[in-house]
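Read through the structure below, which is laid out as structure tokens, and then see the notes.
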Amino acid sequence: MNFDVGIIGGGVVGCAIAYNLARLGEKDVVVFEKQYPGAGSTGRCGAGVRQQWGLEMNCRLARGSVKIFEQLSSELGVDIEFRQGGYLVLAHTEKQLEQFERNVSLQNSLGIPSRVITVEEALEIVPYLNPEVFIAATFCPTDGHANPLLTNYAYAKAAERLGVKIMKFTEVTGVERLNGVFRLRTNRGDFEVGCLVNAAGGYSKPVAAMVGVDLPTYSERHQILVTAPVPRMFDCMVISFTSGIYVQQVPHGSFVLGIAEDEEPGYNTNSSWQFLEHVAREVTSILPVFGELSVVRQWAGLYNKTPDSQPILGEVLPGFFVAVGFSGHGFMIAPKTAEIMAKLILGIKPDIDISPLSLDRFEKGELIVEPSVVG
Amino acid sequence: MIEKTELLVIGGGPAGLTAALHAGRYGTKTVIVDDAIRPGGQLIKQTHKFFGSRMEYAGTRGFQIAKLLLKELEKLNNVKIYDQTTATGYYEDGVLTCLKGERYFKIKPERVIVATGAFEKTIPFVGNDLPGVYGAGAVQTIMNLYGVVPAKRVLMVGAGNIGLIISYQLLQTGVEVAAIVEGMDKIGGYQVHASKVRRMGIPILTKHTIVEAVGEREVEGAIISKIDENWHPIPGTEKKLDVDTICLAVGLSPTIDILRQAGAKIAYIPELGGDVAIRDEFMETTAKGIYVAGDAAGVEEASSAIIEGAIAGISAAKSLGKSIPDFEKQIAKLREELNNLRAGPFGEKIKLGLKKLKELNQQSK
């Protein structure tokens with residue numbers, strides 16, 4: 001079977017690129033997903049949506065994505081449970097606070113309504129915070145959270161409605177380039193595509209290797225813990241860049257929380273009791289009331305990391321595009337990134353210049369230093 | 001601190017207690033964790049007499065069997081029971097986390113026997129989340145364990161052994177049973193149990209199901225209906241029953257969470273109650289050193305759970321290097337006993353399920 005565009009990976013990035021391609025008129029698109037949409041990192045992510053970044057490009061991608069998230073439920077016809085309860089970022093030291101002040105003025109200049117707040121103001125937003133452990137905070141009320149599985153599903157369904165073919169349980173096992181097309185071997189037969197997109201998340205490196213491209217990406221386990229549902233306690237995401245913790249109450253009342261940990265590169269998605277104890281210790285230090293909550297579940301997924309923890313976006317060989325290495329913040333910038341990727345594939349000039357995120361930045365030594373990354 | 005033990009048995013029901021007893025007899029350092037108010041599993045609320053042979057305590061009432069097993073275990077000082085303790089997770093390094101009340105602790109065993117039993121299934125109908133809709137087993141617990149009269153008038157859904165036995169026990173408690181509805185065209189449970197409830201005047205309506213639980217804040221009634229050969233309700237045959245409680249006795253599914261976490265291969269075998277762990281004839285799953293016994297291995301009966309527990313216990317002890325001179329003979333005898341239990345028409349389904357399981361186990365090698 002032949003298609004104009006083949007996308008490897010049916011996570012939020014792959015499905016959103018497919019949807020945007022179809023929306024822009026390119027409907028001859030196939031998505032290869034070795035399990036089902038949401039089975040990989042998307043369905044396992046914390047699903048926070050944050051605009052409080054320290055670099056202009058990241059702020060723009062995040063701001064653009066929030067604009068899309070704000071109307072995505074009606075655009076895609078599925079309630080993706082997008083809630084704008086804000087992000088509260090804790091500053092623990094003077095040095096951190098100085099950085100945050102710089103971030104806030106950059107963010108404000110780009111239309112992001114973040115602000116520096118005092119401990120007292122933070123306690124008004126989240127009364128359960130331990131005032132002993134932070135000296136100030138920043139807050140952006142239009143940051144938020146969405147349901148990652150619903151978002152992924154909504155993009156997949158909308159893409160299918162526009163004519164995109166989503167091949168579930170279809171694993172690409174080999175790629176050949178001949179005469180300007182890519183010939184793909186899968187467990188469900190062979191396919192030919194004119195253009196190939198690597199949106200394989202945790203598996204970006206082995207997928208690129210099939211095309212003969214060596215990506216500097218690697219995968220790393222990140223774990224999440226879920227509490228039993230409780231009546232609404234606070235609406236915002238609470239995060240700290242010191243411990244790398246993030247805590248958010250999802251619409252049905254459970255808290256979903258994770259933390260940065262030292263991990264070896266690999267594909268392990270088992271859960272560990274070490275994480276359970278680590279995150280419990282940290283969360284009860286900033287939110288002592290969590291000592292009263294019950295844990296119901298843990299899971300793990302993969303961050304697909306790059307040397308500078310920023311994604312690699314763009315065309316790396318003629319006709320071979322990558323949208324990989326999101327380093328743990330793929331979900332929150334997926335809507336805008338996917339729109340830009342679709343435009344790049346179709347030769348349309350995007351409204352944000354993402355050339356700093358090209359693969360050759362690593363060769364040129366032009367790494368991106370983003371001060372506000374979790375994990 | 002992580003507690004070390006040779007064997008951890010998760011679940012102190014008939015399978016778990018027997019497993020610990022058989023492993024413990026050969027000197028295996030064993031810990032049993034059990035989450036209930038006291039160990040014994042479902043036995044502690046079972047007031048009916050058991051069938052089978054002497055090996056499975058035939059003629060003895062369930063709660064008395066639990067007492068006998070616990071008394072035997074008391075004699076072994078290498079076996080410890082942590083009661084009111086839940087095994088909350090099996091982790092990648094073989095450590096299990098446990099909760100006893102507010103106390104959290106960890107155990108690292110060399111072998112694990114998962115004897116976590118089964119959980120009650122439910123079926124979809126309007127209002128099935130109203131207070132007053134119970135699993136039949138839960139009603140039995142409320143009555144027989146906590147001594148609370150659970151209802152005034154009950155609709156029982158399901159005429160398998162659980163539905164029949166619990167209907168009879170409800171009557172003994174002074175609760176009225178309006179009817180027993182059964183979707184199949186025949187009664188699933190033993191004739192002896194069915195006759196007992198029939199003699200008490202309880203109608204058993206086959207080819208019937210519940211279509212709605214009626215009530216604003218709690219169950220105030222139930223609408224039942226005849227069903228056709230495709231299990232669809234037949235319009236015009238609805239009947240309203242005045243009941244304050246609806247008991248669902250529509251089957252059990254093995255509790256396999258720990259087995260999944262341990263990485264055991266799982267297969268869907270409806271004859272055994274749903275998802276079960278693939279295992280060999282010694283009850284060892286595809287996760288090395290992790291055994292399964294009783295309803296967790298496939299929903300059956302306490303009698304077979306006891307024998308499976310014995311097989312798992314002896315096999316785990318053997319694999320730990322304990323000297324068991326007549327190992328082969330014991331296993332052969334236990335297997336024969338299991339075959340006898342499954343000999344009747346009620347064993348056909350189980351045997352079919354076990355055949356599928358065996359094929360899957362051979363494939364997985």
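Identifiers for the structure tokens are assigned positionally: chains receive A, B, ... in sequence, residues are indexed from 1 per chain, and ligands are indexed from 1 in the order shown.
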Near B:Gly174, within 10 Å and counting only C-alpha atoms, which residues show up once chain neighbours fewer than 4 positions away are dropped, as number ranges by chain?
-> B: 149, 151-153, 168-170
All residues 8 Å or closer to A:Asn198, only C-alpha atoms, same chain fewer than 5 positions away omitted, as a ChimeraX atom specification | /A:7-9,204,207-208,320-324
Write a file of the selected residues as a PDB file, in the first residue's frame, keeping all heavy atoms.
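And here's out-v1.pdb as it stands now:
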ATOM      1  N   ILE A   7       3.711   8.030   9.296  1.00  0.00           N
ATOM      2  CA  ILE A   7       4.168   8.524  10.595  1.00  0.00           C
ATOM      3  C   ILE A   7       4.388   7.316  11.494  1.00  0.00           C
ATOM      4  O   ILE A   7       3.482   6.480  11.642  1.00  0.00           O
ATOM      5  CB  ILE A   7       3.124   9.479  11.219  1.00  0.00           C
ATOM      6  CG1 ILE A   7       2.926  10.706  10.321  1.00  0.00           C
ATOM      7  CG2 ILE A   7       3.530   9.897  12.638  1.00  0.00           C
ATOM      8  CD1 ILE A   7       1.762  11.601  10.727  1.00  0.00           C
ATOM      9  N   ILE A   8       5.544   7.215  12.089  1.00  0.00           N
ATOM     10  CA  ILE A   8       5.805   6.092  13.002  1.00  0.00           C
ATOM     11  C   ILE A   8       5.594   6.590  14.427  1.00  0.00           C
ATOM     12  O   ILE A   8       6.328   7.471  14.903  1.00  0.00           O
ATOM     13  CB  ILE A   8       7.219   5.519  12.806  1.00  0.00           C
ATOM     14  CG1 ILE A   8       7.387   5.038  11.363  1.00  0.00           C
ATOM     15  CG2 ILE A   8       7.454   4.369  13.797  1.00  0.00           C
ATOM     16  CD1 ILE A   8       8.772   4.504  11.031  1.00  0.00           C
ATOM     17  N   GLY A   9       4.580   6.061  15.081  1.00  0.00           N
ATOM     18  CA  GLY A   9       4.263   6.460  16.450  1.00  0.00           C
ATOM     19  C   GLY A   9       2.883   7.080  16.532  1.00  0.00           C
ATOM     20  O   GLY A   9       2.615   8.113  15.922  1.00  0.00           O
ATOM     21  N   SER A 204      12.519   6.588  19.580  1.00  0.00           N
ATOM     22  CA  SER A 204      12.957   7.413  18.450  1.00  0.00           C
ATOM     23  C   SER A 204      14.290   6.955  17.886  1.00  0.00           C
ATOM     24  O   SER A 204      14.505   6.993  16.674  1.00  0.00           O
ATOM     25  CB  SER A 204      13.065   8.879  18.888  1.00  0.00           C
ATOM     26  OG  SER A 204      14.111   9.051  19.832  1.00  0.00           O
ATOM     27  N   VAL A 207      14.141   3.697  15.737  1.00  0.00           N
ATOM     28  CA  VAL A 207      13.377   3.981  14.517  1.00  0.00           C
ATOM     29  C   VAL A 207      14.246   4.768  13.533  1.00  0.00           C
ATOM     30  O   VAL A 207      14.321   4.448  12.346  1.00  0.00           O
ATOM     31  CB  VAL A 207      12.056   4.728  14.838  1.00  0.00           C
ATOM     32  CG1 VAL A 207      11.471   5.374  13.587  1.00  0.00           C
ATOM     33  CG2 VAL A 207      11.041   3.757  15.456  1.00  0.00           C
ATOM     34  N   ALA A 208      14.976   5.778  14.044  1.00  0.00           N
ATOM     35  CA  ALA A 208      15.853   6.560  13.164  1.00  0.00           C
ATOM     36  C   ALA A 208      16.973   5.684  12.603  1.00  0.00           C
ATOM     37  O   ALA A 208      17.371   5.830  11.441  1.00  0.00           O
ATOM     38  CB  ALA A 208      16.445   7.747  13.926  1.00  0.00           C
ATOM     39  N   PHE A 320      12.679  12.697   5.320  1.00  0.00           N
ATOM     40  CA  PHE A 320      12.626  12.049   6.633  1.00  0.00           C
ATOM     41  C   PHE A 320      12.618  13.115   7.735  1.00  0.00           C
ATOM     42  O   PHE A 320      13.602  13.827   7.931  1.00  0.00           O
ATOM     43  CB  PHE A 320      13.817  11.099   6.813  1.00  0.00           C
ATOM     44  CG  PHE A 320      13.790  10.353   8.134  1.00  0.00           C
ATOM     45  CD1 PHE A 320      12.630   9.753   8.600  1.00  0.00           C
ATOM     46  CD2 PHE A 320      14.946  10.258   8.905  1.00  0.00           C
ATOM     47  CE1 PHE A 320      12.609   9.073   9.821  1.00  0.00           C
ATOM     48  CE2 PHE A 320      14.937   9.584  10.120  1.00  0.00           C
ATOM     49  CZ  PHE A 320      13.767   8.991  10.573  1.00  0.00           C
ATOM     50  N   PHE A 321      11.484  13.212   8.411  1.00  0.00           N
ATOM     51  CA  PHE A 321      11.293  14.228   9.443  1.00  0.00           C
ATOM     52  C   PHE A 321      11.321  13.580  10.833  1.00  0.00           C
ATOM     53  O   PHE A 321      10.915  12.424  10.988  1.00  0.00           O
ATOM     54  CB  PHE A 321       9.940  14.924   9.251  1.00  0.00           C
ATOM     55  CG  PHE A 321       9.868  15.739   7.993  1.00  0.00           C
ATOM     56  CD1 PHE A 321       9.604  15.143   6.756  1.00  0.00           C
ATOM     57  CD2 PHE A 321      10.083  17.117   8.034  1.00  0.00           C
ATOM     58  CE1 PHE A 321       9.547  15.904   5.601  1.00  0.00           C
ATOM     59  CE2 PHE A 321      10.009  17.888   6.875  1.00  0.00           C
ATOM     60  CZ  PHE A 321       9.747  17.269   5.651  1.00  0.00           C
ATOM     61  N   VAL A 322      11.758  14.351  11.804  1.00  0.00           N
ATOM     62  CA  VAL A 322      11.711  13.839  13.179  1.00  0.00           C
ATOM     63  C   VAL A 322      11.001  14.850  14.078  1.00  0.00           C
ATOM     64  O   VAL A 322      11.116  16.065  13.900  1.00  0.00           O
ATOM     65  CB  VAL A 322      13.122  13.527  13.758  1.00  0.00           C
ATOM     66  CG1 VAL A 322      13.833  12.470  12.932  1.00  0.00           C
ATOM     67  CG2 VAL A 322      13.977  14.790  13.887  1.00  0.00           C
ATOM     68  N   ALA A 323      10.247  14.305  15.023  1.00  0.00           N
ATOM     69  CA  ALA A 323       9.652  15.101  16.109  1.00  0.00           C
ATOM     70  C   ALA A 323       9.866  14.251  17.351  1.00  0.00           C
ATOM     71  O   ALA A 323       8.992  13.477  17.747  1.00  0.00           O
ATOM     72  CB  ALA A 323       8.182  15.381  15.832  1.00  0.00           C
ATOM     73  N   VAL A 324      11.048  14.367  17.913  1.00  0.00           N
ATOM     74  CA  VAL A 324      11.486  13.407  18.948  1.00  0.00           C
ATOM     75  C   VAL A 324      12.224  14.143  20.071  1.00  0.00           C
ATOM     76  O   VAL A 324      12.496  15.351  19.976  1.00  0.00           O
ATOM     77  CB  VAL A 324      12.442  12.351  18.336  1.00  0.00           C
ATOM     78  CG1 VAL A 324      11.765  11.576  17.220  1.00  0.00           C
ATOM     79  CG2 VAL A 324      13.737  12.999  17.822  1.00  0.00           C
TER      80      VAL A 324
END
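Residue list for chain A within 12 Å of chain B: Asn268, Thr269, Asn270, Ser271, Ser272, Trp273, Gln274, Phe275, Leu276, Glu277, Gly291, Glu292, Leu293, Ser294, Val295, Val296, Arg297, Gln298, Trp299 and Ala300 of chain A, counting only C-alpha atoms.
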Please run DSSP on the backbone and report, as a VMD selection string, all residues within stretch 117-232 of chain A that come out as strand (DSSP E or B).
-> chain A and resid 117 136 to 140 144 to 145 165 to 167 172 to 178 181 to 187 189 to 198 218 to 227
May I have the residues within 12 Å of B:Val214 as a PyMOL selection string, using only C-alpha atoms and disregarding those fewer than 2 positions away in the same chain?
-> chain B and resi 125-133+210-212+216-224+239-246
Point-to-point distance from atom CA of A:Gly25 to atom CA of A:Leu76, Å rounded to tenths |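 Result for atom CA of A:Gly25 versus atom CA of A:Leu76: 16.4 Å, one decimal.
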DSSP-assigned alpha helix (DSSP H) among stretch 118-237 of chain A, expressed as a ChimeraX atom specification | /A:119-125,148-161,204-210
Just-selected residues, N, CA, C and O atoms written as a compact mmCIF listing (two decimals), in the first residue's frame:
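That gives us out-v2.txt:
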# COMPACT_ATOMS: atom_id res chain seq x y z
N VAL A 119 4.92 34.22 49.51
CA VAL A 119 4.51 33.00 50.19
C VAL A 119 3.04 33.09 50.60
O VAL A 119 2.26 32.15 50.42
N GLU A 120 2.66 34.28 51.11
CA GLU A 120 1.27 34.48 51.55
C GLU A 120 0.29 34.32 50.39
O GLU A 120 -0.76 33.69 50.52
N GLU A 121 0.66 34.90 49.24
CA GLU A 121 -0.22 34.79 48.07
C GLU A 121 -0.31 33.33 47.60
O GLU A 121 -1.37 32.86 47.20
N ALA A 122 0.83 32.64 47.67
CA ALA A 122 0.84 31.22 47.27
C ALA A 122 -0.09 30.42 48.19
O ALA A 122 -0.81 29.53 47.73
N LEU A 123 -0.07 30.77 49.48
CA LEU A 123 -0.92 30.04 50.44
C LEU A 123 -2.41 30.31 50.21
O LEU A 123 -3.25 29.48 50.56
N GLU A 124 -2.70 31.45 49.60
CA GLU A 124 -4.11 31.69 49.26
C GLU A 124 -4.55 30.78 48.12
O GLU A 124 -5.70 30.34 48.07
N ILE A 125 -3.60 30.50 47.21
CA ILE A 125 -3.95 29.64 46.07
C ILE A 125 -3.95 28.16 46.52
O ILE A 125 -4.84 27.40 46.19
N PRO A 148 -4.44 13.13 29.04
CA PRO A 148 -3.59 12.78 27.90
C PRO A 148 -4.19 11.69 27.02
O PRO A 148 -4.04 11.72 25.80
N LEU A 149 -4.87 10.74 27.64
CA LEU A 149 -5.47 9.66 26.84
C LEU A 149 -6.59 10.20 25.97
O LEU A 149 -6.68 9.86 24.79
N LEU A 150 -7.42 11.07 26.56
CA LEU A 150 -8.51 11.65 25.77
C LEU A 150 -7.98 12.53 24.66
O LEU A 150 -8.51 12.56 23.55
N THR A 151 -6.91 13.29 24.95
CA THR A 151 -6.34 14.18 23.94
C THR A 151 -5.79 13.36 22.77
O THR A 151 -6.05 13.65 21.60
N ASN A 152 -5.05 12.31 23.13
CA ASN A 152 -4.48 11.43 22.10
C ASN A 152 -5.59 10.80 21.25
O ASN A 152 -5.57 10.81 20.01
N TYR A 153 -6.61 10.30 21.95
CA TYR A 153 -7.75 9.66 21.29
C TYR A 153 -8.48 10.67 20.38
O TYR A 153 -8.85 10.36 19.25
N ALA A 154 -8.67 11.89 20.90
CA ALA A 154 -9.40 12.91 20.14
C ALA A 154 -8.65 13.25 18.85
O ALA A 154 -9.27 13.36 17.78
N TYR A 155 -7.33 13.40 18.93
CA TYR A 155 -6.54 13.67 17.72
C TYR A 155 -6.64 12.49 16.74
O TYR A 155 -6.79 12.69 15.53
N ALA A 156 -6.54 11.27 17.28
CA ALA A 156 -6.58 10.09 16.41
C ALA A 156 -7.92 10.01 15.68
O ALA A 156 -7.97 9.79 14.47
N LYS A 157 -9.01 10.19 16.45
CA LYS A 157 -10.34 10.07 15.84
C LYS A 157 -10.57 11.17 14.82
O LYS A 157 -11.13 10.93 13.74
N ALA A 158 -10.15 12.41 15.16
CA ALA A 158 -10.35 13.52 14.24
C ALA A 158 -9.54 13.29 12.96
O ALA A 158 -10.02 13.57 11.85
N ALA A 159 -8.33 12.75 13.12
CA ALA A 159 -7.50 12.47 11.94
C ALA A 159 -8.19 11.42 11.08
O ALA A 159 -8.26 11.56 9.85
N GLU A 160 -8.71 10.39 11.73
CA GLU A 160 -9.39 9.32 10.97
C GLU A 160 -10.61 9.86 10.22
O GLU A 160 -10.86 9.48 9.09
N ARG A 161 -11.35 10.75 10.89
CA ARG A 161 -12.51 11.34 10.22
C ARG A 161 -12.12 12.07 8.94
O ARG A 161 -12.87 12.13 7.98
N SER A 204 12.52 6.59 19.58
CA SER A 204 12.96 7.41 18.45
C SER A 204 14.29 6.96 17.89
O SER A 204 14.50 6.99 16.67
N LYS A 205 15.19 6.51 18.76
CA LYS A 205 16.54 6.17 18.29
C LYS A 205 16.55 4.91 17.41
O LYS A 205 17.07 4.96 16.29
N PRO A 206 15.97 3.79 17.87
CA PRO A 206 15.95 2.61 16.99
C PRO A 206 15.16 2.86 15.70
O PRO A 206 15.53 2.31 14.64
N VAL A 207 14.14 3.70 15.74
CA VAL A 207 13.38 3.98 14.52
C VAL A 207 14.25 4.77 13.53
O VAL A 207 14.32 4.45 12.35
N ALA A 208 14.98 5.78 14.04
CA ALA A 208 15.85 6.56 13.16
C ALA A 208 16.97 5.68 12.60
O ALA A 208 17.37 5.83 11.44
N ALA A 209 17.44 4.75 13.43
CA ALA A 209 18.53 3.88 12.99
C ALA A 209 18.10 3.05 11.78
O ALA A 209 18.92 2.76 10.90
N MET A 210 16.81 2.70 11.70
CA MET A 210 16.32 1.93 10.55
C MET A 210 16.46 2.73 9.25
O MET A 210 16.52 2.15 8.17
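Separating atom CA of B:Ile306 from atom CA of B:Gly11 is a distance of 12.6 Å.
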Do you know which residues are at most 7 Å from stretch 12-17 of chain B counting only C-alpha atoms, after dropping those on the same chain fewer than 3 positions away, and could you put them as a ChimeraX atom specification?
-> /B:9,20-21,32-34,39-43,69,115,293-294,302,305-306,308-309
For the residues in that selection, give me all heavy atoms as a compact mmCIF listing (two decimals), in the first residue's frame.
# COMPACT_ATOMS: atom_id res chain seq x y z
N VAL B 9 3.58 -16.03 51.59
CA VAL B 9 2.29 -16.46 51.08
C VAL B 9 1.35 -15.27 51.18
O VAL B 9 1.16 -14.71 52.26
CB VAL B 9 1.73 -17.65 51.90
CG1 VAL B 9 0.35 -18.04 51.38
CG2 VAL B 9 2.68 -18.84 51.84
N ALA B 20 1.16 -22.67 53.22
CA ALA B 20 2.11 -22.36 54.30
C ALA B 20 2.34 -23.59 55.18
O ALA B 20 3.46 -23.86 55.61
CB ALA B 20 1.58 -21.20 55.14
N LEU B 21 1.27 -24.32 55.42
CA LEU B 21 1.36 -25.52 56.25
C LEU B 21 2.28 -26.54 55.60
O LEU B 21 3.18 -27.10 56.25
CB LEU B 21 -0.06 -26.10 56.39
CG LEU B 21 -0.33 -27.10 57.48
CD1 LEU B 21 0.08 -26.56 58.83
CD2 LEU B 21 -1.84 -27.42 57.48
N ILE B 32 2.96 -15.34 56.18
CA ILE B 32 1.66 -15.21 55.50
C ILE B 32 1.16 -13.80 55.74
O ILE B 32 1.16 -13.34 56.89
CB ILE B 32 0.61 -16.19 56.08
CG1 ILE B 32 1.13 -17.64 56.05
CG2 ILE B 32 -0.72 -16.07 55.34
CD1 ILE B 32 0.23 -18.62 56.81
N VAL B 33 0.76 -13.09 54.70
CA VAL B 33 0.06 -11.82 54.91
C VAL B 33 -1.40 -12.01 54.50
O VAL B 33 -1.69 -12.63 53.48
CB VAL B 33 0.68 -10.62 54.16
CG1 VAL B 33 2.06 -10.31 54.68
CG2 VAL B 33 0.73 -10.85 52.66
N ASP B 34 -2.28 -11.51 55.33
CA ASP B 34 -3.71 -11.64 55.05
C ASP B 34 -4.39 -10.33 55.42
O ASP B 34 -4.17 -9.78 56.49
CB ASP B 34 -4.32 -12.78 55.86
CG ASP B 34 -5.78 -12.99 55.49
OD1 ASP B 34 -6.04 -13.50 54.40
OD2 ASP B 34 -6.66 -12.61 56.29
N PRO B 39 -7.51 -14.30 59.65
CA PRO B 39 -7.21 -15.18 58.52
C PRO B 39 -8.24 -16.29 58.36
O PRO B 39 -8.98 -16.61 59.29
CB PRO B 39 -5.83 -15.75 58.84
CG PRO B 39 -5.39 -15.18 60.11
CD PRO B 39 -6.50 -14.39 60.72
N GLY B 40 -8.23 -16.89 57.20
CA GLY B 40 -9.17 -17.98 56.90
C GLY B 40 -9.86 -17.77 55.56
O GLY B 40 -10.51 -18.65 55.05
N GLY B 41 -9.71 -16.57 55.02
CA GLY B 41 -10.31 -16.28 53.71
C GLY B 41 -11.82 -16.37 53.77
O GLY B 41 -12.44 -16.02 54.77
N GLN B 42 -12.40 -16.88 52.71
CA GLN B 42 -13.86 -16.99 52.66
C GLN B 42 -14.38 -18.07 53.61
O GLN B 42 -15.56 -18.09 53.95
CB GLN B 42 -14.33 -17.28 51.22
CG GLN B 42 -13.88 -16.25 50.20
CD GLN B 42 -14.27 -14.84 50.59
OE1 GLN B 42 -15.43 -14.54 50.81
NE2 GLN B 42 -13.28 -13.97 50.71
N LEU B 43 -13.47 -18.96 54.05
CA LEU B 43 -13.90 -20.03 54.96
C LEU B 43 -14.54 -19.48 56.23
O LEU B 43 -15.49 -20.07 56.75
CB LEU B 43 -12.69 -20.90 55.36
CG LEU B 43 -12.08 -21.80 54.28
CD1 LEU B 43 -10.79 -22.43 54.81
CD2 LEU B 43 -13.06 -22.88 53.85
N LEU B 69 -6.96 -25.45 60.22
CA LEU B 69 -5.73 -25.09 59.52
C LEU B 69 -4.87 -24.16 60.38
O LEU B 69 -3.66 -24.33 60.47
CB LEU B 69 -6.06 -24.40 58.18
CG LEU B 69 -6.61 -25.29 57.06
CD1 LEU B 69 -7.14 -24.45 55.90
CD2 LEU B 69 -5.52 -26.25 56.56
N ALA B 115 -2.00 -16.40 46.76
CA ALA B 115 -3.26 -17.11 47.06
C ALA B 115 -4.29 -16.04 47.43
O ALA B 115 -4.86 -16.04 48.50
CB ALA B 115 -3.06 -18.11 48.18
N ALA B 293 -2.09 -20.34 43.73
CA ALA B 293 -2.94 -21.44 44.19
C ALA B 293 -4.32 -20.91 44.54
O ALA B 293 -4.48 -19.75 44.91
CB ALA B 293 -2.31 -22.13 45.41
N GLY B 294 -5.29 -21.80 44.44
CA GLY B 294 -6.66 -21.44 44.82
C GLY B 294 -7.37 -20.65 43.75
O GLY B 294 -7.01 -20.71 42.57
N ALA B 302 -13.22 -24.25 47.43
CA ALA B 302 -12.27 -24.29 48.55
C ALA B 302 -11.55 -25.63 48.59
O ALA B 302 -10.35 -25.70 48.88
CB ALA B 302 -13.01 -24.04 49.86
N ALA B 305 -8.88 -25.56 46.16
CA ALA B 305 -7.91 -24.56 46.60
C ALA B 305 -6.95 -25.17 47.63
O ALA B 305 -5.75 -24.92 47.62
CB ALA B 305 -8.63 -23.35 47.19
N ILE B 306 -7.52 -25.98 48.52
CA ILE B 306 -6.71 -26.61 49.56
C ILE B 306 -5.64 -27.51 48.94
O ILE B 306 -4.46 -27.46 49.31
CB ILE B 306 -7.63 -27.41 50.53
CG1 ILE B 306 -8.39 -26.40 51.43
CG2 ILE B 306 -6.85 -28.42 51.35
CD1 ILE B 306 -9.49 -27.02 52.25
N GLU B 308 -4.52 -27.42 45.76
CA GLU B 308 -3.56 -26.61 44.99
C GLU B 308 -2.56 -25.93 45.92
O GLU B 308 -1.38 -25.80 45.61
CB GLU B 308 -4.30 -25.54 44.17
CG GLU B 308 -5.00 -26.12 42.95
CD GLU B 308 -5.69 -25.04 42.12
OE1 GLU B 308 -5.81 -23.88 42.60
OE2 GLU B 308 -6.10 -25.36 41.00
N GLY B 309 -3.07 -25.47 47.06
CA GLY B 309 -2.19 -24.86 48.06
C GLY B 309 -1.12 -25.84 48.52
O GLY B 309 0.07 -25.48 48.62
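When only C-alpha atoms are used to compute distances to A:Asn304, the closest of the residues A:Gln84, A:Asn2, A:Thr217, A:Asn130 turns out to be A:Thr217.
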